[in-house]
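Working notes for the structure below.
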Amino acid sequence: NETRLELAKAGATDLVARAFVFHSRAYLESDPGSKRERDREDLLTKLIRVIANLAIHEDLGPRLLVSKAALQLPAVLERVNRSLEPESETAAGTARQEELALNTVACITNLSFYEDDGRRRGEAAVLYTSHVVQLLLPYLFADNIEAAAEAVRAFGNFSRSTELQNCLSALRVDEAFVILLEHTDREVVLGACGVLTNLVSLAETRAMMVRLDAVPLLVKIVRRAGVSDPEMATRACMVLHNLAHAASREGDNEQPVQDAHRELLLRTLEELLDIARDMDGALPA
């Protein structure tokens with residue numbers, strides 16, 4: 001973080017942002033499949049990687065979010081998405097294009113972390129838009145696990161926004177995250193739990209989770225994670241807790257956690273506590 005701040009004091013942040021804006025415009029004006037496009041893709045990947053890294057700093061991230069560079073990111077992602085479409089004439093799905101896409105998604109993820117605070121201050125939306133949501137949707141089920149994990153992280157940020165929650169439900173993004181509960185990658189499942197924890201405040205999402213049998217999946221995650229992965233077990237429990245609490249508070253006609261699942265979860269948690277006490281005598285009986 002100190003290095004990032006020193007670079008910012010030397011003017012590197014503004015310089016990189018301006019360079020990205022300049023070269024992203026040239027990229028967007030280039031002909032698909034041309035040498036100019038290929039050259040810009042390589043350069044943009046490097047610039048975006050630097051911006052994403054600088055955005056990790058709590059002082060630099062908000063500054064970059066309101067820069068022209070942040071406004072250009074969705075346009076770049078939309079262009080590279082078109083290049084990667086199966087029906088595209090240039091869709092060789094090159095490693096270069098995939099690398100640009102991955103870094104752009106990661107940069108959007110890092111910057112969007114700060115947008116909820118900005119929206120509460122009345123600032124205009126930059127990345128918290130339906131358009132950006134739709135640009136990122138295909139990456140949730142990408143073959144590239146790193147891209148999928150980054151997209152899930154972005155939706156974790158989006159789902160904190162009360163303005164975007166209804167948009168995510170309307171686009172059926174919440175359904176995608178129930179499906180992702182069965183993903184093979186730990187980070188994707190962990191992130192999916194985080195998104196659902198935020199979205200269960202919506203009646204539509206709660207009804208959908210009942211319809212898609214999300215509760216048994218969550219209980220299974222708790223059981224599999226056990227004491228070997230307490231973070232995962234805790235995240236799944238948080239979804240279940242928020243789901244049951246919201247349904248009770250709002251007086252839902254159908255309670256999402258049925259008796260059989262509740263009893264299995266309680267037995268599981270009791271077993272896990274017993275194991276934890278055996279492993280660590282510090283826990284009270």
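Chain labels run A, B, ... following the order of the structure tokens; each chain numbers its residues from 1, and ligands are numbered from 1 in the order shown.
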What lies within 10 Å of A:Thr197 using only C-alpha atoms, ignoring chain neighbours under 4 positions off, as a PDB file with N, CA, C and O atoms, in the first residue's frame?
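Generated output (result.pdb):
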```pdb
ATOM      1  N   GLY A 156     -20.856  -9.547  -5.735  1.00  0.00           N
ATOM      2  CA  GLY A 156     -20.900  -9.367  -4.291  1.00  0.00           C
ATOM      3  C   GLY A 156     -20.961  -7.886  -3.940  1.00  0.00           C
ATOM      4  O   GLY A 156     -21.705  -7.476  -3.032  1.00  0.00           O
ATOM      5  N   SER A 159     -24.457  -6.486  -5.088  1.00  0.00           N
ATOM      6  CA  SER A 159     -25.592  -6.924  -4.264  1.00  0.00           C
ATOM      7  C   SER A 159     -25.704  -6.141  -2.959  1.00  0.00           C
ATOM      8  O   SER A 159     -26.715  -6.248  -2.255  1.00  0.00           O
ATOM      9  N   ARG A 160     -24.699  -5.344  -2.632  1.00  0.00           N
ATOM     10  CA  ARG A 160     -24.794  -4.498  -1.441  1.00  0.00           C
ATOM     11  C   ARG A 160     -25.679  -3.281  -1.680  1.00  0.00           C
ATOM     12  O   ARG A 160     -26.137  -2.646  -0.743  1.00  0.00           O
ATOM     13  N   GLY A 191     -18.251 -16.840  -2.745  1.00  0.00           N
ATOM     14  CA  GLY A 191     -18.812 -15.589  -3.241  1.00  0.00           C
ATOM     15  C   GLY A 191     -20.300 -15.684  -3.495  1.00  0.00           C
ATOM     16  O   GLY A 191     -21.053 -14.726  -3.247  1.00  0.00           O
ATOM     17  N   ALA A 192     -20.759 -16.840  -3.990  1.00  0.00           N
ATOM     18  CA  ALA A 192     -22.187 -17.034  -4.237  1.00  0.00           C
ATOM     19  C   ALA A 192     -22.981 -16.917  -2.941  1.00  0.00           C
ATOM     20  O   ALA A 192     -24.061 -16.317  -2.903  1.00  0.00           O
ATOM     21  N   CYS A 193     -22.437 -17.475  -1.871  1.00  0.00           N
ATOM     22  CA  CYS A 193     -23.089 -17.353  -0.559  1.00  0.00           C
ATOM     23  C   CYS A 193     -23.180 -15.888  -0.144  1.00  0.00           C
ATOM     24  O   CYS A 193     -24.208 -15.447   0.401  1.00  0.00           O
ATOM     25  N   SER A 201     -33.114 -10.424   1.144  1.00  0.00           N
ATOM     26  CA  SER A 201     -34.025  -9.392   1.646  1.00  0.00           C
ATOM     27  C   SER A 201     -35.193  -9.185   0.677  1.00  0.00           C
ATOM     28  O   SER A 201     -36.225  -8.631   1.057  1.00  0.00           O
ATOM     29  N   ARG A 235     -20.381 -18.845   6.064  1.00  0.00           N
ATOM     30  CA  ARG A 235     -21.055 -18.113   4.983  1.00  0.00           C
ATOM     31  C   ARG A 235     -22.386 -18.760   4.629  1.00  0.00           C
ATOM     32  O   ARG A 235     -23.396 -18.075   4.425  1.00  0.00           O
ATOM     33  N   ALA A 236     -22.395 -20.089   4.531  1.00  0.00           N
ATOM     34  CA  ALA A 236     -23.639 -20.787   4.203  1.00  0.00           C
ATOM     35  C   ALA A 236     -24.675 -20.595   5.309  1.00  0.00           C
ATOM     36  O   ALA A 236     -25.866 -20.401   5.037  1.00  0.00           O
ATOM     37  N   CYS A 237     -24.220 -20.632   6.557  1.00  0.00           N
ATOM     38  CA  CYS A 237     -25.131 -20.409   7.689  1.00  0.00           C
ATOM     39  C   CYS A 237     -25.706 -18.996   7.671  1.00  0.00           C
ATOM     40  O   CYS A 237     -26.870 -18.775   8.031  1.00  0.00           O
ATOM     41  N   MET A 238     -24.893 -18.038   7.245  1.00  0.00           N
ATOM     42  CA  MET A 238     -25.376 -16.655   7.168  1.00  0.00           C
ATOM     43  C   MET A 238     -26.508 -16.521   6.160  1.00  0.00           C
ATOM     44  O   MET A 238     -27.478 -15.796   6.394  1.00  0.00           O
ATOM     45  N   VAL A 239     -26.384 -17.217   5.010  1.00  0.00           N
ATOM     46  CA  VAL A 239     -27.471 -17.183   4.026  1.00  0.00           C
ATOM     47  C   VAL A 239     -28.742 -17.751   4.649  1.00  0.00           C
ATOM     48  O   VAL A 239     -29.820 -17.166   4.548  1.00  0.00           O
ATOM     49  N   LEU A 240     -28.613 -18.907   5.301  1.00  0.00           N
ATOM     50  CA  LEU A 240     -29.771 -19.557   5.916  1.00  0.00           C
ATOM     51  C   LEU A 240     -30.391 -18.682   7.005  1.00  0.00           C
ATOM     52  O   LEU A 240     -31.619 -18.575   7.108  1.00  0.00           O
ATOM     53  N   HIS A 241     -29.547 -18.067   7.801  1.00  0.00           N
ATOM     54  CA  HIS A 241     -30.048 -17.196   8.873  1.00  0.00           C
ATOM     55  C   HIS A 241     -30.806 -16.007   8.285  1.00  0.00           C
ATOM     56  O   HIS A 241     -31.939 -15.698   8.698  1.00  0.00           O
ATOM     57  N   ASN A 242     -30.185 -15.311   7.314  1.00  0.00           N
ATOM     58  CA  ASN A 242     -30.841 -14.147   6.722  1.00  0.00           C
ATOM     59  C   ASN A 242     -32.125 -14.526   5.998  1.00  0.00           C
ATOM     60  O   ASN A 242     -33.111 -13.788   6.022  1.00  0.00           O
ATOM     61  N   LEU A 243     -32.100 -15.691   5.355  1.00  0.00           N
ATOM     62  CA  LEU A 243     -33.270 -16.171   4.633  1.00  0.00           C
ATOM     63  C   LEU A 243     -34.438 -16.409   5.592  1.00  0.00           C
ATOM     64  O   LEU A 243     -35.558 -15.933   5.372  1.00  0.00           O
TER      65      LEU A 243
END
```
Counting only C-alpha atoms, what is within 12 Å of A:Val133, bar same-chain residues fewer than 4 positions away, as a PyMOL selection string? chain A and resi 74+77-78+105+108-109+112+126-129+137-140+151-152+154-159+164-165+167-173
Dump C-alpha atoms for the selected residues as a PDB file, in the first residue's frame?
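Okay, selection.pdb is ready:
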```
ATOM      1  CA  PRO A  74     -17.533  -1.035 -19.643  1.00  0.00           C
ATOM      2  CA  LEU A  77     -15.386  -5.023 -21.877  1.00  0.00           C
ATOM      3  CA  GLU A  78     -18.286  -4.777 -24.325  1.00  0.00           C
ATOM      4  CA  VAL A 105     -13.448  -7.811 -15.078  1.00  0.00           C
ATOM      5  CA  ILE A 108     -14.321  -3.424 -12.481  1.00  0.00           C
ATOM      6  CA  THR A 109     -14.515  -5.659  -9.417  1.00  0.00           C
ATOM      7  CA  SER A 112     -16.965  -1.308  -7.724  1.00  0.00           C
ATOM      8  CA  VAL A 126     -20.395   4.582 -12.657  1.00  0.00           C
ATOM      9  CA  LEU A 127     -20.300   0.799 -12.520  1.00  0.00           C
ATOM     10  CA  TYR A 128     -23.517   0.141 -10.574  1.00  0.00           C
ATOM     11  CA  THR A 129     -25.610  -0.041 -13.738  1.00  0.00           C
ATOM     12  CA  LEU A 137     -23.128 -12.059 -16.506  1.00  0.00           C
ATOM     13  CA  PRO A 138     -21.437 -14.398 -19.041  1.00  0.00           C
ATOM     14  CA  TYR A 139     -18.339 -14.627 -16.845  1.00  0.00           C
ATOM     15  CA  LEU A 140     -20.222 -16.252 -13.974  1.00  0.00           C
ATOM     16  CA  ALA A 151     -17.200 -11.805 -11.684  1.00  0.00           C
ATOM     17  CA  VAL A 152     -18.700 -13.325  -8.539  1.00  0.00           C
ATOM     18  CA  ALA A 154     -18.127  -7.979  -8.562  1.00  0.00           C
ATOM     19  CA  PHE A 155     -21.676  -9.201  -7.996  1.00  0.00           C
ATOM     20  CA  GLY A 156     -20.900  -9.367  -4.291  1.00  0.00           C
ATOM     21  CA  ASN A 157     -20.249  -5.619  -4.485  1.00  0.00           C
ATOM     22  CA  PHE A 158     -23.332  -4.990  -6.632  1.00  0.00           C
ATOM     23  CA  SER A 159     -25.592  -6.924  -4.264  1.00  0.00           C
ATOM     24  CA  LEU A 164     -29.171  -2.785  -7.859  1.00  0.00           C
ATOM     25  CA  GLN A 165     -30.756  -5.609  -5.878  1.00  0.00           C
ATOM     26  CA  CYS A 167     -32.150  -5.187 -11.032  1.00  0.00           C
ATOM     27  CA  LEU A 168     -30.283  -8.389 -10.157  1.00  0.00           C
ATOM     28  CA  SER A 169     -33.555 -10.106  -9.313  1.00  0.00           C
ATOM     29  CA  ALA A 170     -35.272  -8.869 -12.485  1.00  0.00           C
ATOM     30  CA  LEU A 171     -32.394 -10.207 -14.597  1.00  0.00           C
ATOM     31  CA  ARG A 172     -32.604 -13.522 -12.673  1.00  0.00           C
ATOM     32  CA  VAL A 173     -29.024 -13.135 -11.496  1.00  0.00           C
TER      33      VAL A 173
END
```
Contact residues around A:Ala75 with only C-alpha atoms at 12 Å, ignoring same-chain residues under 2 positions, as a PyMOL selection string: chain A and resi 21+24-29+68-73+77-82+101+104-105+108+127+131-132+135
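The coordinates place atom CA of A:Asn166 at 9.5 Å from atom CA of A:Thr205.
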Near A:Leu265, counting only C-alpha atoms, which residues have an atom at most 9 Å away, once you skip same-chain residues fewer than 5 positions from it, shown as a PyMOL selection string? chain A and resi 219-220+222-223+260+270
If you count only C-alpha atoms, which residues fall within 9 Å of A:Glu99, apart from same-chain ones fewer than 3 positions away, as a PyMOL selection string? chain A and resi 41-42+45+94-96+102-104
For A:Glu98, which residue out of A:Val16, A:Ala244, A:Ala207, A:Ala147 is the nearest one, using only C-alpha atoms? A:Ala147
DSSP says helix (DSSP H, G or I) for which residues of stretch 33-240 of chain A? Put them as a PyMOL selection string? chain A and resi 35-54+60-65+68-84+95-112+115-120+130-141+145-158+162-170+173-182+186-199+203-211+214-225+230-240
Those residues with C-alpha atoms, as a compact mmCIF listing (two decimals), in the first residue's frame please?
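That gives us selection-v5.txt:
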```txt
# COMPACT_ATOMS: atom_id res chain seq x y z
CA LYS A 35 -2.97 -5.24 -36.10
CA ARG A 36 -3.95 -1.98 -34.44
CA GLU A 37 -6.56 -3.80 -32.39
CA ARG A 38 -4.10 -6.52 -31.36
CA ASP A 39 -1.46 -3.97 -30.33
CA ARG A 40 -3.98 -2.01 -28.26
CA GLU A 41 -5.24 -5.16 -26.57
CA ASP A 42 -1.77 -5.94 -25.25
CA LEU A 43 -1.23 -2.38 -24.04
CA LEU A 44 -4.67 -2.09 -22.45
CA THR A 45 -4.17 -5.31 -20.55
CA LYS A 46 -1.02 -3.89 -18.96
CA LEU A 47 -2.63 -0.52 -18.15
CA ILE A 48 -5.78 -2.09 -16.70
CA ARG A 49 -3.68 -4.41 -14.55
CA VAL A 50 -1.92 -1.37 -13.06
CA ILE A 51 -5.22 0.46 -12.45
CA ALA A 52 -6.72 -2.63 -10.77
CA ASN A 53 -3.66 -2.89 -8.54
CA LEU A 54 -3.75 0.79 -7.59
CA LEU A 60 -6.76 5.62 -4.61
CA GLY A 61 -9.73 3.38 -5.39
CA PRO A 62 -12.43 6.05 -4.87
CA ARG A 63 -10.35 8.52 -6.88
CA LEU A 64 -10.03 6.12 -9.80
CA LEU A 65 -13.72 5.25 -9.61
CA LYS A 68 -12.72 8.93 -16.95
CA ALA A 69 -10.85 5.64 -16.89
CA ALA A 70 -13.64 3.95 -14.92
CA LEU A 71 -16.19 5.18 -17.44
CA GLN A 72 -14.22 3.56 -20.27
CA LEU A 73 -13.99 0.10 -18.69
CA PRO A 74 -17.53 -1.03 -19.64
CA ALA A 75 -16.95 0.02 -23.26
CA VAL A 76 -13.72 -1.97 -23.41
CA LEU A 77 -15.39 -5.02 -21.88
CA GLU A 78 -18.29 -4.78 -24.33
CA ARG A 79 -15.85 -4.70 -27.26
CA VAL A 80 -13.78 -7.66 -26.08
CA ASN A 81 -16.98 -9.57 -25.27
CA ARG A 82 -18.03 -9.19 -28.91
CA SER A 83 -14.62 -10.45 -30.03
CA LEU A 84 -15.05 -13.56 -27.91
CA ALA A 95 -5.27 -15.83 -25.13
CA ARG A 96 -4.64 -12.10 -25.64
CA GLN A 97 -8.36 -11.28 -25.75
CA GLU A 98 -9.14 -13.56 -22.82
CA GLU A 99 -6.40 -11.89 -20.80
CA LEU A 100 -7.83 -8.45 -21.57
CA ALA A 101 -11.30 -9.63 -20.56
CA LEU A 102 -10.06 -11.15 -17.30
CA ASN A 103 -8.15 -8.02 -16.29
CA THR A 104 -11.06 -5.75 -17.20
CA VAL A 105 -13.45 -7.81 -15.08
CA ALA A 106 -10.96 -7.76 -12.19
CA CYS A 107 -10.55 -3.99 -12.48
CA ILE A 108 -14.32 -3.42 -12.48
CA THR A 109 -14.52 -5.66 -9.42
CA ASN A 110 -11.86 -3.71 -7.51
CA LEU A 111 -13.35 -0.31 -8.36
CA SER A 112 -16.97 -1.31 -7.72
CA GLU A 115 -19.24 2.59 -5.33
CA ASP A 116 -21.80 1.82 -2.63
CA ASP A 117 -20.31 4.53 -0.43
CA GLY A 118 -20.35 6.97 -3.33
CA ARG A 119 -23.99 6.24 -4.14
CA ARG A 120 -24.93 6.93 -0.52
CA SER A 130 -27.78 -2.64 -15.46
CA HIS A 131 -25.48 -2.41 -18.48
CA VAL A 132 -22.38 -3.41 -16.49
CA VAL A 133 -24.33 -6.19 -14.78
CA GLN A 134 -25.25 -7.66 -18.16
CA LEU A 135 -21.68 -7.36 -19.45
CA LEU A 136 -20.42 -9.39 -16.49
CA LEU A 137 -23.13 -12.06 -16.51
CA PRO A 138 -21.44 -14.40 -19.04
CA TYR A 139 -18.34 -14.63 -16.84
CA LEU A 140 -20.22 -16.25 -13.97
CA PHE A 141 -20.16 -19.52 -15.90
CA ILE A 145 -12.24 -20.15 -13.13
CA GLU A 146 -10.31 -16.98 -12.31
CA ALA A 147 -12.68 -14.92 -14.48
CA ALA A 148 -15.70 -16.57 -12.86
CA ALA A 149 -14.36 -15.86 -9.36
CA GLU A 150 -13.70 -12.20 -10.25
CA ALA A 151 -17.20 -11.80 -11.68
CA VAL A 152 -18.70 -13.32 -8.54
CA ARG A 153 -16.73 -10.82 -6.45
CA ALA A 154 -18.13 -7.98 -8.56
CA PHE A 155 -21.68 -9.20 -8.00
CA GLY A 156 -20.90 -9.37 -4.29
CA ASN A 157 -20.25 -5.62 -4.48
CA PHE A 158 -23.33 -4.99 -6.63
CA THR A 162 -30.36 -1.56 -2.61
CA GLU A 163 -30.78 0.11 -6.02
CA LEU A 164 -29.17 -2.78 -7.86
CA GLN A 165 -30.76 -5.61 -5.88
CA ASN A 166 -34.05 -5.31 -7.75
CA CYS A 167 -32.15 -5.19 -11.03
CA LEU A 168 -30.28 -8.39 -10.16
CA SER A 169 -33.56 -10.11 -9.31
CA ALA A 170 -35.27 -8.87 -12.49
CA VAL A 173 -29.02 -13.13 -11.50
CA ASP A 174 -30.11 -14.51 -8.12
CA GLU A 175 -31.02 -17.81 -9.82
CA ALA A 176 -27.52 -17.99 -11.27
CA PHE A 177 -26.05 -17.81 -7.78
CA VAL A 178 -28.17 -20.69 -6.52
CA ILE A 179 -26.76 -22.74 -9.40
CA LEU A 180 -23.25 -21.59 -8.47
CA LEU A 181 -23.66 -23.10 -4.99
CA GLU A 182 -22.73 -26.38 -6.68
CA ARG A 186 -14.30 -22.84 -3.45
CA GLU A 187 -13.98 -19.08 -4.10
CA VAL A 188 -16.95 -19.13 -6.46
CA VAL A 189 -19.15 -20.93 -3.91
CA LEU A 190 -17.96 -18.63 -1.13
CA GLY A 191 -18.81 -15.59 -3.24
CA ALA A 192 -22.19 -17.03 -4.24
CA CYS A 193 -23.09 -17.35 -0.56
CA GLY A 194 -22.14 -13.71 -0.04
CA VAL A 195 -24.37 -12.51 -2.88
CA LEU A 196 -27.35 -14.57 -1.69
CA THR A 197 -26.86 -13.31 1.87
CA ASN A 198 -27.55 -9.82 0.55
CA LEU A 199 -30.33 -10.69 -1.88
CA ALA A 203 -39.33 -11.50 -1.47
CA GLU A 204 -38.80 -12.59 -5.09
CA THR A 205 -35.39 -14.03 -4.27
CA ARG A 206 -36.71 -15.89 -1.22
CA ALA A 207 -39.51 -17.44 -3.30
CA MET A 208 -37.02 -18.40 -5.99
CA MET A 209 -34.72 -20.06 -3.45
CA VAL A 210 -37.63 -22.17 -2.19
CA ARG A 211 -38.55 -23.08 -5.76
CA ALA A 214 -31.52 -23.76 -2.33
CA VAL A 215 -31.86 -24.65 1.37
CA PRO A 216 -30.79 -28.32 0.99
CA LEU A 217 -27.79 -27.13 -1.05
CA LEU A 218 -26.78 -24.71 1.70
CA VAL A 219 -27.17 -27.33 4.42
CA LYS A 220 -25.02 -29.68 2.34
CA ILE A 221 -22.34 -26.97 2.10
CA VAL A 222 -22.34 -26.58 5.88
CA ARG A 223 -22.01 -30.33 6.35
CA ARG A 224 -19.22 -30.70 3.79
CA ALA A 225 -17.28 -27.69 5.00
CA PRO A 230 -15.19 -22.82 8.97
CA GLU A 231 -15.34 -19.75 6.70
CA MET A 232 -17.39 -21.65 4.13
CA ALA A 233 -19.66 -23.17 6.78
CA THR A 234 -20.19 -19.73 8.33
CA ARG A 235 -21.05 -18.11 4.98
CA ALA A 236 -23.64 -20.79 4.20
CA CYS A 237 -25.13 -20.41 7.69
CA MET A 238 -25.38 -16.65 7.17
CA VAL A 239 -27.47 -17.18 4.03
CA LEU A 240 -29.77 -19.56 5.92
```
Please, what distance in Å, to one decimal, runs between atom CA of A:Ala19 and atom CA of A:Ser67?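 Answer for the atom CA of A:Ala19 to atom CA of A:Ser67 separation: 12.1 Å.
For the atom pair formed by atom CA of A:Ala17 and atom CA of A:Ser30, the distance is 20.0 Å, given to one decimal.
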Nearest to A:Arg249, chosen from A:Val227, A:Leu264, A:Ala276, A:Val200, with only C-alpha atoms counted in the distances: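 Looking only at the distances to A:Arg249, the closest residue turns out to be A:Val200.
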